[in-house]
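Data block below; observations after.
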Amino acid sequence: MEYHESTLQQDMTEPLMQQDEKGNISFEEDDDLTPRNTSQNGSLGVVWLSTTVAVWGSFQFGCCVHYSSPTQTAIRKDLNLSLAEYSVFASILAIGAMIGGITSGHISNFIGRKGTMRVAAIFCIIGWLAIGFAEGVLLLDIGRMCTGYGIGVFSYVVPVFIAEIAPKDLRGGFTSSNELMIQVGGSITYLLGTVLTWRMLALVGLIPSLMLILGMFFVPESPRWLVMVGQQREFEASLQRLRGKDADISFEASEIQEYTEKLQQMPKIRLLDLFQKRYLHSVIIGVGLMLFKQFGGISAIGSYASATLELAGFSSGKFGTIVIGLCQIPVTIIAVALMDRCGRRPLLLVSSVGTFLGTFLIGLAFYLKDHELVLKLIPMMVLAGVLIYFWSFASGIGSASWVIMSEIFPLNVKGAAGSLAIWANWFGSWTVSYTFNYLISWSSSGAFFLYSAVSAAAILFVAKLVPETRRRTLEEIQAHMLFSNSHS
């Protein structure tokens with residue numbers, strides 16, 4: 001069996017990769033030459049439409065995550081909730097998302113990417129209705145859990161779907177639109193939360209899921225999923241529609257089909273099988289990026305930005321939080337534009353340096369405050385650190401980590417490995433959010449120095465382990481990961 005699997009891996013990598021006498025890996029294609037896959041030059045209209053529909057799920061993600069911030073005071077007053085009861089309501093979203101994340105891969109492999117997005121949207125609709133009409137804490141928490149499950153599924157299936165339909169030269173930009181719409185959804189929710197009641201805001205939250213369900217009637221299924229389940233005619237029709245009716249899809253279709261057929265000859269994958277040598281590198285990268293992203297402090301700083309600014313000396317953190325939300329959108333747009341020009345690794349490295357500097361500056365400011373030094377500069381130092389952190393996160397880690405996670409897993413392990421990575425993301429989110437207040441009580445400066453140390457470690461992680469995936473087909477990237485695993 002091991003010899004058979006080894007032979008299959010060699011068959012999958014040899015057509016796509018070459019190795020010189022020194023062991024250096026290269027791909028057959030030259031980035032500066034015209035791609036052999038002529039389908040890349042077809043129409044992008046259907047890809048744009050499909051991506052636009054899918055990222056309504058990302059928009060819903062941002063709405064759900066940021067809903068609890070502007071509504072805290074009103075919900076507690078109207079439903080007479082204690083701080084502990086509201087804390088459960090706010091944090092139970094991550095519990096639901098962990099469950100959604102760990103089941104998302106299996107669901108998407110069984111019913112397809114489109115069907116999975118519909119399921120996620122239905123859970124979000126049920127959740128928003130439960131929150132909007134809640135008269136007590138039980139229905140409120142059930143609704144929050146349902147929306148959490150929905151966005152846990154969205155956080156896996158949306159970037160995977162976009163990565164599987166986009167041409168290789170534009171895949172990074174299309175996939176990073178996932179992060180852009182998360183930021184847009186979050187910012188709009190926070191702004192609307194300042195003018196709408198919490199019940200009305202919950203009903204407005206229905207719109208993204210309704211738009212996604214409606215839009216799914218007009219977009220094709222992922223061709224890679226169709227070939228994986230043996231729907232050959234639908235696979236060719238979907239790929240042709242995505243690339244344009246006059247595009248030559250013969251090379252891309254044969255490459256996808258040949259690679260998928262060889263993957264399907266390998267044994268079925270269980271969760272524990274992901275830790276075998278041939279998959280370990282891709283699993284470490286996917287899970288590692290999610291954990292570094294979260295343990296670098298994004299959930300804590302994002303959820304408690306107002307409290308952090310007030311702790312630094314601002315009379316109110318609301319203005320600063322609105323500024324942060326609005327500033328993230330243009331920075332994320334820039335990241336989308338640069339994703340396929342500069343590559344994923346440079347953006348990850350630069351943004352990790354930025355998050356390190358931002359959290360270190362905040363930690364330094366609180367250290368000086370604790371020792372009563374340069375007190376007049378403390379508020380501006382903290383605000384500058386928070387802005388640097390969010391700009392850096394939005395410019396690379398937030399978007400590039402999703403892009404790479406959606407690219408590196410072979411189709412035969414994508415469901416299990418992707419679910420594990422998404423679960424790790426939400427586990428990290430819950431852990432960081434839950435422990436933030438305890439860390440601040442222990443040491444306000446120490447908490448942010450800890451986050452900066454994680455960002456410093458992330459720089460080394462990216463530099464040593466994360467490959468560049470720009471301008472490579474998914475089959476090339478995944479063949480490279482299998483090759484590097486088997487020769488490590």
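We label chains A, B, ... in the order they appear in the structure tokens, count residues from 1 in each chain, and number ligands from 1 in the order shown.
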
Contacts of Ser155 (chain A) within 12 Å, only C-alpha atoms, excl. fewer than 4 positions in-chain, as a PyMOL selection string: chain A and resi 54-62+65+94+97-105+116-117+120-121+148-151+159-162+175+178-179+181-182+290+399+401-403+405-406+418-426

Give me, as a tab-separated table (two decimals) with all heavy atoms, in the first residue's frame, all polymer residues having an atom no more than 12 Å from region 67-84 of chain A, counting only C-alpha atoms and skipping those fewer than 3 positions away in the same chain.
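around-v2.tsv was written with the following content:
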chain	number	residue	atom	x	y	z
A	60	GLN	N	-21.79	38.55	5.48
A	60	GLN	CA	-22.56	38.04	6.62
A	60	GLN	C	-21.65	37.72	7.79
A	60	GLN	O	-21.99	37.98	8.96
A	60	GLN	CB	-23.33	36.79	6.20
A	60	GLN	CG	-24.20	36.19	7.27
A	60	GLN	CD	-25.45	37.03	7.53
A	60	GLN	OE1	-26.52	36.76	7.00
A	60	GLN	NE2	-25.34	38.03	8.38
A	61	PHE	N	-20.49	37.16	7.52
A	61	PHE	CA	-19.47	36.89	8.52
A	61	PHE	C	-19.16	38.15	9.33
A	61	PHE	O	-19.21	38.15	10.57
A	61	PHE	CB	-18.22	36.37	7.78
A	61	PHE	CG	-17.06	35.94	8.64
A	61	PHE	CD1	-16.37	34.79	8.32
A	61	PHE	CD2	-16.61	36.67	9.72
A	61	PHE	CE1	-15.28	34.36	9.06
A	61	PHE	CE2	-15.52	36.28	10.48
A	61	PHE	CZ	-14.87	35.12	10.16
A	62	GLY	N	-18.84	39.24	8.63
A	62	GLY	CA	-18.50	40.49	9.30
A	62	GLY	C	-19.66	41.04	10.11
A	62	GLY	O	-19.47	41.54	11.23
A	63	CYS	N	-20.88	40.91	9.57
A	63	CYS	CA	-22.07	41.40	10.30
A	63	CYS	C	-22.25	40.65	11.61
A	63	CYS	O	-22.52	41.26	12.65
A	63	CYS	CB	-23.31	41.22	9.44
A	63	CYS	SG	-23.36	42.24	7.94
A	64	CYS	N	-22.12	39.32	11.57
A	64	CYS	CA	-22.34	38.51	12.77
A	64	CYS	C	-21.29	38.79	13.84
A	64	CYS	O	-21.62	38.93	15.03
A	64	CYS	CB	-22.32	37.03	12.41
A	64	CYS	SG	-23.69	36.49	11.37
A	87	SER	N	-22.03	38.29	28.24
A	87	SER	CA	-20.73	37.74	27.83
A	87	SER	C	-20.91	36.37	27.17
A	87	SER	O	-20.23	36.05	26.19
A	87	SER	CB	-19.80	37.63	29.03
A	87	SER	OG	-19.51	38.91	29.56
A	88	VAL	N	-21.84	35.57	27.71
A	88	VAL	CA	-22.15	34.28	27.09
A	88	VAL	C	-22.72	34.50	25.69
A	88	VAL	O	-22.32	33.82	24.73
A	88	VAL	CB	-23.15	33.48	27.96
A	88	VAL	CG1	-23.65	32.25	27.21
A	88	VAL	CG2	-22.49	33.07	29.26
A	89	PHE	N	-23.64	35.45	25.56
A	89	PHE	CA	-24.22	35.75	24.25
A	89	PHE	C	-23.15	36.16	23.25
A	89	PHE	O	-23.15	35.70	22.10
A	89	PHE	CB	-25.25	36.88	24.40
A	89	PHE	CG	-25.70	37.48	23.09
A	89	PHE	CD1	-26.53	36.78	22.24
A	89	PHE	CD2	-25.28	38.75	22.71
A	89	PHE	CE1	-26.93	37.32	21.03
A	89	PHE	CE2	-25.68	39.31	21.51
A	89	PHE	CZ	-26.52	38.59	20.67
A	90	ALA	N	-22.21	37.00	23.66
A	90	ALA	CA	-21.18	37.47	22.75
A	90	ALA	C	-20.22	36.35	22.36
A	90	ALA	O	-19.83	36.22	21.20
A	90	ALA	CB	-20.41	38.63	23.39
A	91	SER	N	-19.84	35.51	23.32
A	91	SER	CA	-18.80	34.50	23.07
A	91	SER	C	-19.32	33.22	22.44
A	91	SER	O	-18.56	32.46	21.83
A	91	SER	CB	-18.07	34.16	24.37
A	91	SER	OG	-18.96	33.60	25.32
A	92	ILE	N	-20.62	32.95	22.57
A	92	ILE	CA	-21.17	31.69	22.06
A	92	ILE	C	-21.12	31.64	20.53
A	92	ILE	O	-21.21	30.56	19.93
A	92	ILE	CB	-22.62	31.48	22.58
A	92	ILE	CG1	-22.97	30.00	22.56
A	92	ILE	CG2	-23.63	32.30	21.76
A	92	ILE	CD1	-24.28	29.69	23.25
A	93	LEU	N	-20.95	32.79	19.90
A	93	LEU	CA	-20.77	32.83	18.44
A	93	LEU	C	-19.58	31.97	18.04
A	93	LEU	O	-19.65	31.20	17.08
A	93	LEU	CB	-20.56	34.27	17.98
A	93	LEU	CG	-20.35	34.45	16.48
A	93	LEU	CD1	-21.69	34.54	15.77
A	93	LEU	CD2	-19.53	35.71	16.17
A	128	TRP	N	-30.68	35.04	12.97
A	128	TRP	CA	-31.06	36.45	13.03
A	128	TRP	C	-32.51	36.62	13.45
A	128	TRP	O	-32.86	37.53	14.22
A	128	TRP	CB	-30.83	37.13	11.68
A	128	TRP	CG	-29.41	37.46	11.35
A	128	TRP	CD1	-28.71	37.07	10.24
A	128	TRP	CD2	-28.51	38.27	12.12
A	128	TRP	NE1	-27.44	37.57	10.28
A	128	TRP	CE2	-27.29	38.31	11.41
A	128	TRP	CE3	-28.61	38.95	13.33
A	128	TRP	CZ2	-26.18	39.02	11.89
A	128	TRP	CZ3	-27.51	39.65	13.81
A	128	TRP	CH2	-26.32	39.69	13.09
A	131	ILE	N	-32.72	36.08	17.20
A	131	ILE	CA	-32.21	37.24	17.94
A	131	ILE	C	-33.19	38.41	17.86
A	131	ILE	O	-33.51	39.06	18.85
A	131	ILE	CB	-30.83	37.66	17.39
A	131	ILE	CG1	-29.79	36.58	17.69
A	131	ILE	CG2	-30.39	39.01	17.98
A	131	ILE	CD1	-28.46	36.81	16.99
A	132	GLY	N	-33.70	38.66	16.66
A	132	GLY	CA	-34.57	39.81	16.46
A	132	GLY	C	-35.86	39.74	17.24
A	132	GLY	O	-36.41	40.78	17.63
A	133	PHE	N	-36.38	38.51	17.48
A	133	PHE	CA	-37.66	38.37	18.18
A	133	PHE	C	-37.49	37.79	19.58
A	133	PHE	O	-38.48	37.41	20.22
A	133	PHE	CB	-38.60	37.48	17.36
A	133	PHE	CG	-39.05	38.12	16.07
A	133	PHE	CD1	-38.44	37.79	14.87
A	133	PHE	CD2	-40.05	39.07	16.07
A	133	PHE	CE1	-38.84	38.38	13.68
A	133	PHE	CE2	-40.47	39.67	14.89
A	133	PHE	CZ	-39.85	39.33	13.69
A	134	ALA	N	-36.25	37.74	20.08
A	134	ALA	CA	-35.99	37.16	21.40
A	134	ALA	C	-36.60	38.02	22.50
A	134	ALA	O	-36.52	39.25	22.47
A	134	ALA	CB	-34.49	37.02	21.62
A	135	GLU	N	-37.21	37.36	23.48
A	135	GLU	CA	-37.73	38.03	24.66
A	135	GLU	C	-36.99	37.59	25.93
A	135	GLU	O	-37.33	38.02	27.03
A	135	GLU	CB	-39.23	37.75	24.81
A	135	GLU	CG	-40.09	38.30	23.69
A	135	GLU	CD	-40.09	39.83	23.63
A	135	GLU	OE1	-39.76	40.46	24.66
A	135	GLU	OE2	-40.42	40.38	22.57
A	136	GLY	N	-36.03	36.71	25.76
A	136	GLY	CA	-35.25	36.22	26.89
A	136	GLY	C	-33.91	35.72	26.43
A	136	GLY	O	-33.61	35.66	25.23
A	137	VAL	N	-33.09	35.32	27.37
A	137	VAL	CA	-31.71	34.98	27.07
A	137	VAL	C	-31.60	33.67	26.29
A	137	VAL	O	-30.67	33.51	25.47
A	137	VAL	CB	-30.88	34.91	28.38
A	137	VAL	CG1	-31.32	33.74	29.24
A	137	VAL	CG2	-29.39	34.83	28.08
A	138	LEU	N	-32.52	32.72	26.49
A	138	LEU	CA	-32.41	31.43	25.83
A	138	LEU	C	-32.49	31.56	24.32
A	138	LEU	O	-31.62	31.06	23.58
A	138	LEU	CB	-33.50	30.48	26.34
A	138	LEU	CG	-33.51	29.09	25.68
A	138	LEU	CD1	-32.20	28.36	25.94
A	138	LEU	CD2	-34.70	28.26	26.20
A	139	LEU	N	-33.54	32.22	23.81
A	139	LEU	CA	-33.69	32.37	22.36
A	139	LEU	C	-32.57	33.24	21.80
A	139	LEU	O	-32.11	33.03	20.67
A	139	LEU	CB	-35.06	32.99	22.04
A	139	LEU	CG	-35.49	32.98	20.57
A	139	LEU	CD1	-35.51	31.56	20.02
A	139	LEU	CD2	-36.85	33.63	20.40
A	140	LEU	N	-32.14	34.22	22.58
A	140	LEU	CA	-31.03	35.08	22.15
A	140	LEU	C	-29.77	34.25	21.92
A	140	LEU	O	-29.09	34.39	20.88
A	140	LEU	CB	-30.77	36.13	23.22
A	140	LEU	CG	-29.94	37.36	22.84
A	140	LEU	CD1	-30.72	38.26	21.87
A	140	LEU	CD2	-29.56	38.14	24.09
A	141	ASP	N	-29.45	33.35	22.85
A	141	ASP	CA	-28.25	32.53	22.73
A	141	ASP	C	-28.38	31.49	21.61
A	141	ASP	O	-27.41	31.20	20.91
A	141	ASP	CB	-27.96	31.82	24.06
A	141	ASP	CG	-27.43	32.77	25.12
A	141	ASP	OD1	-27.07	33.90	24.76
A	141	ASP	OD2	-27.41	32.38	26.30
A	144	ARG	N	-27.72	33.32	18.43
A	144	ARG	CA	-26.29	33.63	18.28
A	144	ARG	C	-25.50	32.38	17.92
A	144	ARG	O	-24.58	32.43	17.10
A	144	ARG	CB	-25.78	34.21	19.59
A	144	ARG	CG	-24.36	34.74	19.57
A	144	ARG	CD	-24.23	35.98	18.75
A	144	ARG	NE	-22.95	36.66	19.01
A	144	ARG	CZ	-22.44	37.61	18.26
A	144	ARG	NH1	-23.09	38.04	17.19
A	144	ARG	NH2	-21.30	38.18	18.57
A	147	THR	N	-26.12	31.66	14.14
A	147	THR	CA	-25.33	32.53	13.26
A	147	THR	C	-23.86	32.15	13.32
A	147	THR	O	-23.15	32.21	12.31
A	147	THR	CB	-25.51	34.01	13.62
A	147	THR	OG1	-25.13	34.22	14.99
A	147	THR	CG2	-26.94	34.46	13.40
A	148	GLY	N	-23.39	31.74	14.51
A	148	GLY	CA	-22.01	31.29	14.63
A	148	GLY	C	-21.74	30.07	13.78
A	148	GLY	O	-20.73	29.99	13.09
A	185	GLY	N	-18.55	44.27	5.86
A	185	GLY	CA	-19.72	43.88	6.66
A	185	GLY	C	-19.60	44.31	8.10
A	185	GLY	O	-20.57	44.81	8.70
A	186	GLY	N	-18.40	44.14	8.67
A	186	GLY	CA	-18.19	44.55	10.05
A	186	GLY	C	-18.31	46.04	10.25
A	186	GLY	O	-18.95	46.52	11.20
A	187	SER	N	-17.71	46.82	9.35
A	187	SER	CA	-17.75	48.27	9.46
A	187	SER	C	-19.17	48.82	9.31
A	187	SER	O	-19.60	49.69	10.07
A	187	SER	CB	-16.82	48.91	8.41
A	187	SER	OG	-15.48	48.52	8.62
A	188	ILE	N	-19.91	48.29	8.34
A	188	ILE	CA	-21.28	48.75	8.12
A	188	ILE	C	-22.17	48.39	9.32
A	188	ILE	O	-23.01	49.19	9.75
A	188	ILE	CB	-21.84	48.16	6.82
A	188	ILE	CG1	-21.14	48.81	5.62
A	188	ILE	CG2	-23.36	48.36	6.72
A	188	ILE	CD1	-21.57	48.26	4.28
A	189	THR	N	-21.97	47.20	9.88
A	189	THR	CA	-22.75	46.79	11.04
A	189	THR	C	-22.49	47.71	12.22
A	189	THR	O	-23.42	48.12	12.94
A	189	THR	CB	-22.43	45.33	11.43
A	189	THR	OG1	-22.80	44.48	10.34
A	189	THR	CG2	-23.18	44.91	12.68
A	190	TYR	N	-21.22	48.05	12.43
A	190	TYR	CA	-20.90	48.93	13.55
A	190	TYR	C	-21.53	50.30	13.34
A	190	TYR	O	-22.10	50.89	14.28
A	190	TYR	CB	-19.39	49.06	13.73
A	190	TYR	CG	-19.03	49.68	15.05
A	190	TYR	CD1	-18.81	48.89	16.18
A	190	TYR	CD2	-18.96	51.05	15.21
A	190	TYR	CE1	-18.52	49.44	17.41
A	190	TYR	CE2	-18.67	51.63	16.43
A	190	TYR	CZ	-18.44	50.82	17.52
A	190	TYR	OH	-18.18	51.39	18.74
A	191	LEU	N	-21.46	50.83	12.12
A	191	LEU	CA	-22.04	52.15	11.85
A	191	LEU	C	-23.56	52.13	11.98
A	191	LEU	O	-24.16	53.03	12.57
A	191	LEU	CB	-21.62	52.62	10.46
A	191	LEU	CG	-20.13	52.91	10.27
A	191	LEU	CD1	-19.82	53.19	8.81
A	191	LEU	CD2	-19.70	54.08	11.14
A	192	LEU	N	-24.21	51.10	11.41
A	192	LEU	CA	-25.66	51.00	11.52
A	192	LEU	C	-26.10	50.81	12.97
A	192	LEU	O	-27.19	51.25	13.36
A	192	LEU	CB	-26.18	49.84	10.66
A	192	LEU	CG	-26.13	50.02	9.15
A	192	LEU	CD1	-26.62	48.76	8.44
A	192	LEU	CD2	-26.97	51.22	8.72
A	193	GLY	N	-25.24	50.15	13.76
A	193	GLY	CA	-25.56	49.92	15.16
A	193	GLY	C	-25.65	51.19	15.98
A	193	GLY	O	-26.24	51.19	17.08
A	194	THR	N	-25.10	52.28	15.47
A	194	THR	CA	-25.18	53.56	16.17
A	194	THR	C	-26.50	54.29	15.90
A	194	THR	O	-26.82	55.26	16.59
A	194	THR	CB	-24.01	54.48	15.77
A	194	THR	OG1	-24.09	54.76	14.36
A	194	THR	CG2	-22.67	53.81	16.07
A	195	VAL	N	-27.27	53.83	14.89
A	195	VAL	CA	-28.52	54.53	14.53
A	195	VAL	C	-29.74	53.62	14.55
A	195	VAL	O	-30.87	54.12	14.58
A	195	VAL	CB	-28.39	55.20	13.14
A	195	VAL	CG1	-27.32	56.27	13.15
A	195	VAL	CG2	-28.09	54.18	12.06
A	196	LEU	N	-29.58	52.29	14.53
A	196	LEU	CA	-30.71	51.37	14.53
A	196	LEU	C	-30.84	50.68	15.88
A	196	LEU	O	-29.86	50.52	16.60
A	196	LEU	CB	-30.53	50.29	13.44
A	196	LEU	CG	-30.48	50.76	11.99
A	196	LEU	CD1	-30.26	49.55	11.07
A	196	LEU	CD2	-31.76	51.49	11.60
A	197	THR	N	-32.05	50.26	16.20
A	197	THR	CA	-32.24	49.44	17.41
A	197	THR	C	-31.62	48.07	17.18
A	197	THR	O	-31.42	47.64	16.04
A	197	THR	CB	-33.73	49.27	17.72
A	197	THR	OG1	-34.34	48.47	16.68
A	197	THR	CG2	-34.42	50.62	17.82
A	198	TRP	N	-31.36	47.35	18.28
A	198	TRP	CA	-30.71	46.05	18.13
A	198	TRP	C	-31.60	45.04	17.42
A	198	TRP	O	-31.11	44.17	16.69
A	198	TRP	CB	-30.24	45.52	19.48
A	198	TRP	CG	-31.32	45.23	20.49
A	198	TRP	CD1	-31.86	46.10	21.39
A	198	TRP	CD2	-31.97	43.97	20.70
A	198	TRP	NE1	-32.81	45.47	22.16
A	198	TRP	CE2	-32.90	44.15	21.77
A	198	TRP	CE3	-31.87	42.72	20.13
A	198	TRP	CZ2	-33.70	43.13	22.24
A	198	TRP	CZ3	-32.67	41.68	20.60
A	198	TRP	CH2	-33.57	41.89	21.64
A	199	ARG	N	-32.90	45.16	17.58
A	199	ARG	CA	-33.80	44.25	16.87
A	199	ARG	C	-33.81	44.56	15.37
A	199	ARG	O	-33.79	43.64	14.55
A	199	ARG	CB	-35.21	44.36	17.45
A	199	ARG	CG	-35.34	43.86	18.88
A	199	ARG	CD	-36.80	43.83	19.32
A	199	ARG	NE	-36.94	43.52	20.74
A	199	ARG	CZ	-36.95	42.29	21.25
A	199	ARG	NH1	-36.82	41.25	20.44
A	199	ARG	NH2	-37.10	42.09	22.55
A	200	MET	N	-33.87	45.82	15.03
A	200	MET	CA	-33.85	46.20	13.62
A	200	MET	C	-32.52	45.80	12.97
A	200	MET	O	-32.48	45.34	11.83
A	200	MET	CB	-34.09	47.70	13.49
A	200	MET	CG	-34.16	48.17	12.03
A	200	MET	SD	-35.49	47.38	11.09
A	200	MET	CE	-36.93	48.06	11.93
A	201	LEU	N	-31.41	45.96	13.70
A	201	LEU	CA	-30.10	45.59	13.17
A	201	LEU	C	-30.05	44.08	12.90
A	201	LEU	O	-29.45	43.65	11.91
A	201	LEU	CB	-29.01	46.00	14.15
A	201	LEU	CG	-27.56	45.82	13.67
A	201	LEU	CD1	-27.29	46.69	12.45
A	201	LEU	CD2	-26.58	46.17	14.78
A	202	ALA	N	-30.68	43.29	13.76
A	202	ALA	CA	-30.72	41.84	13.53
A	202	ALA	C	-31.51	41.51	12.27
A	202	ALA	O	-31.12	40.64	11.49
A	202	ALA	CB	-31.35	41.13	14.73
A	203	LEU	N	-32.61	42.21	12.03
A	203	LEU	CA	-33.40	41.96	10.82
A	203	LEU	C	-32.66	42.42	9.57
A	203	LEU	O	-32.76	41.79	8.51
A	203	LEU	CB	-34.76	42.65	10.94
A	203	LEU	CG	-35.66	42.13	12.07
A	203	LEU	CD1	-36.98	42.90	12.10
A	203	LEU	CD2	-35.91	40.63	11.93
A	204	VAL	N	-31.92	43.52	9.68
A	204	VAL	CA	-31.07	43.94	8.55
A	204	VAL	C	-30.02	42.87	8.25
A	204	VAL	O	-29.63	42.66	7.10
A	204	VAL	CB	-30.40	45.30	8.87
A	204	VAL	CG1	-29.34	45.63	7.83
A	204	VAL	CG2	-31.45	46.40	8.93
A	205	GLY	N	-29.59	42.15	9.29
A	205	GLY	CA	-28.62	41.08	9.10
A	205	GLY	C	-29.10	39.94	8.23
A	205	GLY	O	-28.29	39.13	7.75
A	302	GLY	N	-9.82	43.64	18.18
A	302	GLY	CA	-11.01	44.01	17.43
A	302	GLY	C	-12.24	44.15	18.31
A	302	GLY	O	-13.03	45.09	18.16
A	303	SER	N	-12.41	43.22	19.26
A	303	SER	CA	-13.60	43.24	20.12
A	303	SER	C	-13.53	44.31	21.20
A	303	SER	O	-14.56	44.82	21.64
A	303	SER	CB	-13.79	41.87	20.78
A	303	SER	OG	-13.98	40.86	19.82
A	304	TYR	N	-12.31	44.62	21.62
A	304	TYR	CA	-12.15	45.54	22.76
A	304	TYR	C	-11.38	46.80	22.37
A	304	TYR	O	-10.69	47.38	23.20
A	304	TYR	CB	-11.45	44.83	23.91
A	304	TYR	CG	-12.21	43.65	24.45
A	304	TYR	CD1	-11.89	42.36	24.06
A	304	TYR	CD2	-13.27	43.84	25.33
A	304	TYR	CE1	-12.59	41.27	24.56
A	304	TYR	CE2	-13.98	42.74	25.82
A	304	TYR	CZ	-13.64	41.46	25.43
A	304	TYR	OH	-14.34	40.39	25.92
A	305	ALA	N	-11.51	47.23	21.11
A	305	ALA	CA	-10.80	48.43	20.68
A	305	ALA	C	-11.26	49.65	21.47
A	305	ALA	O	-10.44	50.47	21.91
A	305	ALA	CB	-11.02	48.66	19.18
A	306	SER	N	-12.57	49.79	21.67
A	306	SER	CA	-13.08	50.94	22.43
A	306	SER	C	-12.56	50.92	23.86
A	306	SER	O	-12.11	51.95	24.39
A	306	SER	CB	-14.61	50.92	22.45
A	306	SER	OG	-15.13	51.12	21.15
A	307	ALA	N	-12.61	49.74	24.51
A	307	ALA	CA	-12.14	49.63	25.88
A	307	ALA	C	-10.64	49.91	25.98
A	307	ALA	O	-10.17	50.53	26.94
A	307	ALA	CB	-12.45	48.24	26.42
A	317	GLY	N	-14.15	55.63	23.39
A	317	GLY	CA	-13.43	54.91	22.33
A	317	GLY	C	-14.23	54.75	21.07
A	317	GLY	O	-13.74	54.20	20.09
A	318	LYS	N	-15.50	55.25	21.06
A	318	LYS	CA	-16.37	55.02	19.91
A	318	LYS	C	-15.83	55.68	18.64
A	318	LYS	O	-15.80	55.08	17.56
A	318	LYS	CB	-17.78	55.52	20.20
A	318	LYS	CG	-18.76	55.29	19.06
A	318	LYS	CD	-20.17	55.68	19.43
A	318	LYS	CE	-20.76	54.71	20.41
A	318	LYS	NZ	-22.21	54.94	20.62
A	321	THR	N	-12.90	53.78	17.26
A	321	THR	CA	-13.29	52.51	16.68
A	321	THR	C	-13.89	52.69	15.29
A	321	THR	O	-13.62	51.91	14.38
A	321	THR	CB	-14.30	51.80	17.60
A	321	THR	OG1	-13.74	51.69	18.91
A	321	THR	CG2	-14.63	50.41	17.07
A	322	ILE	N	-14.71	53.75	15.12
A	322	ILE	CA	-15.28	54.04	13.80
A	322	ILE	C	-14.17	54.37	12.80
A	322	ILE	O	-14.18	53.90	11.66
A	322	ILE	CB	-16.29	55.19	13.90
A	322	ILE	CG1	-17.51	54.76	14.72
A	322	ILE	CG2	-16.73	55.65	12.51
A	322	ILE	CD1	-18.50	55.87	14.99

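Relative to CA of Val283 (chain A), CA of Glu475 (chain A) is found at 16.7 Å.
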
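Distances here use only C-alpha atoms; by that measure, the residue among A:Glu85, A:Glu407, A:Glu234, A:Glu252 closest to Ile477 (chain A) is A:Glu407.
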
Nearest residue to Ala458 (chain A) from the set A:Val219, A:Cys146, A:Leu291, A:Ala384 (distances using only C-alpha atoms):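 Between A:Val219, A:Cys146, A:Leu291, A:Ala384, the residue approaching Ala458 (chain A) most closely is A:Leu291.
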
With only C-alpha atoms as the counted atoms, please give the residues lying no more than 7 Å from Leu180 (chain A), apart from itself and same-chain residues fewer than 2 positions off, as a compact mmCIF listing (two decimals) with C-alpha atoms, in the first residue's frame.
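Saved the output as result.txt:
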# COMPACT_ATOMS: atom_id res chain seq x y z
CA SER A 176 -8.82 37.93 -0.88
CA SER A 177 -12.13 39.67 -1.64
CA ASN A 178 -13.39 37.32 1.10
CA ILE A 182 -15.67 40.66 6.04
CA GLN A 183 -14.23 44.10 6.81
CA VAL A 184 -17.00 45.88 4.90
CA ILE A 329 -11.60 48.97 4.07
CA THR A 332 -7.88 45.74 2.41
CA ILE A 333 -8.70 46.95 -1.11

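Residues lying within 12 Å of Phe314 (chain A), counting only C-alpha atoms and ignoring same-chain neighbours fewer than 5 positions away, are Ala305, Ser306, Ala307, Thr308, Leu309, Phe319, Gly320, Thr321, Lys376, Leu377, Ile378, Pro379, Met380, Met381, Val382 and Leu383 of chain A.
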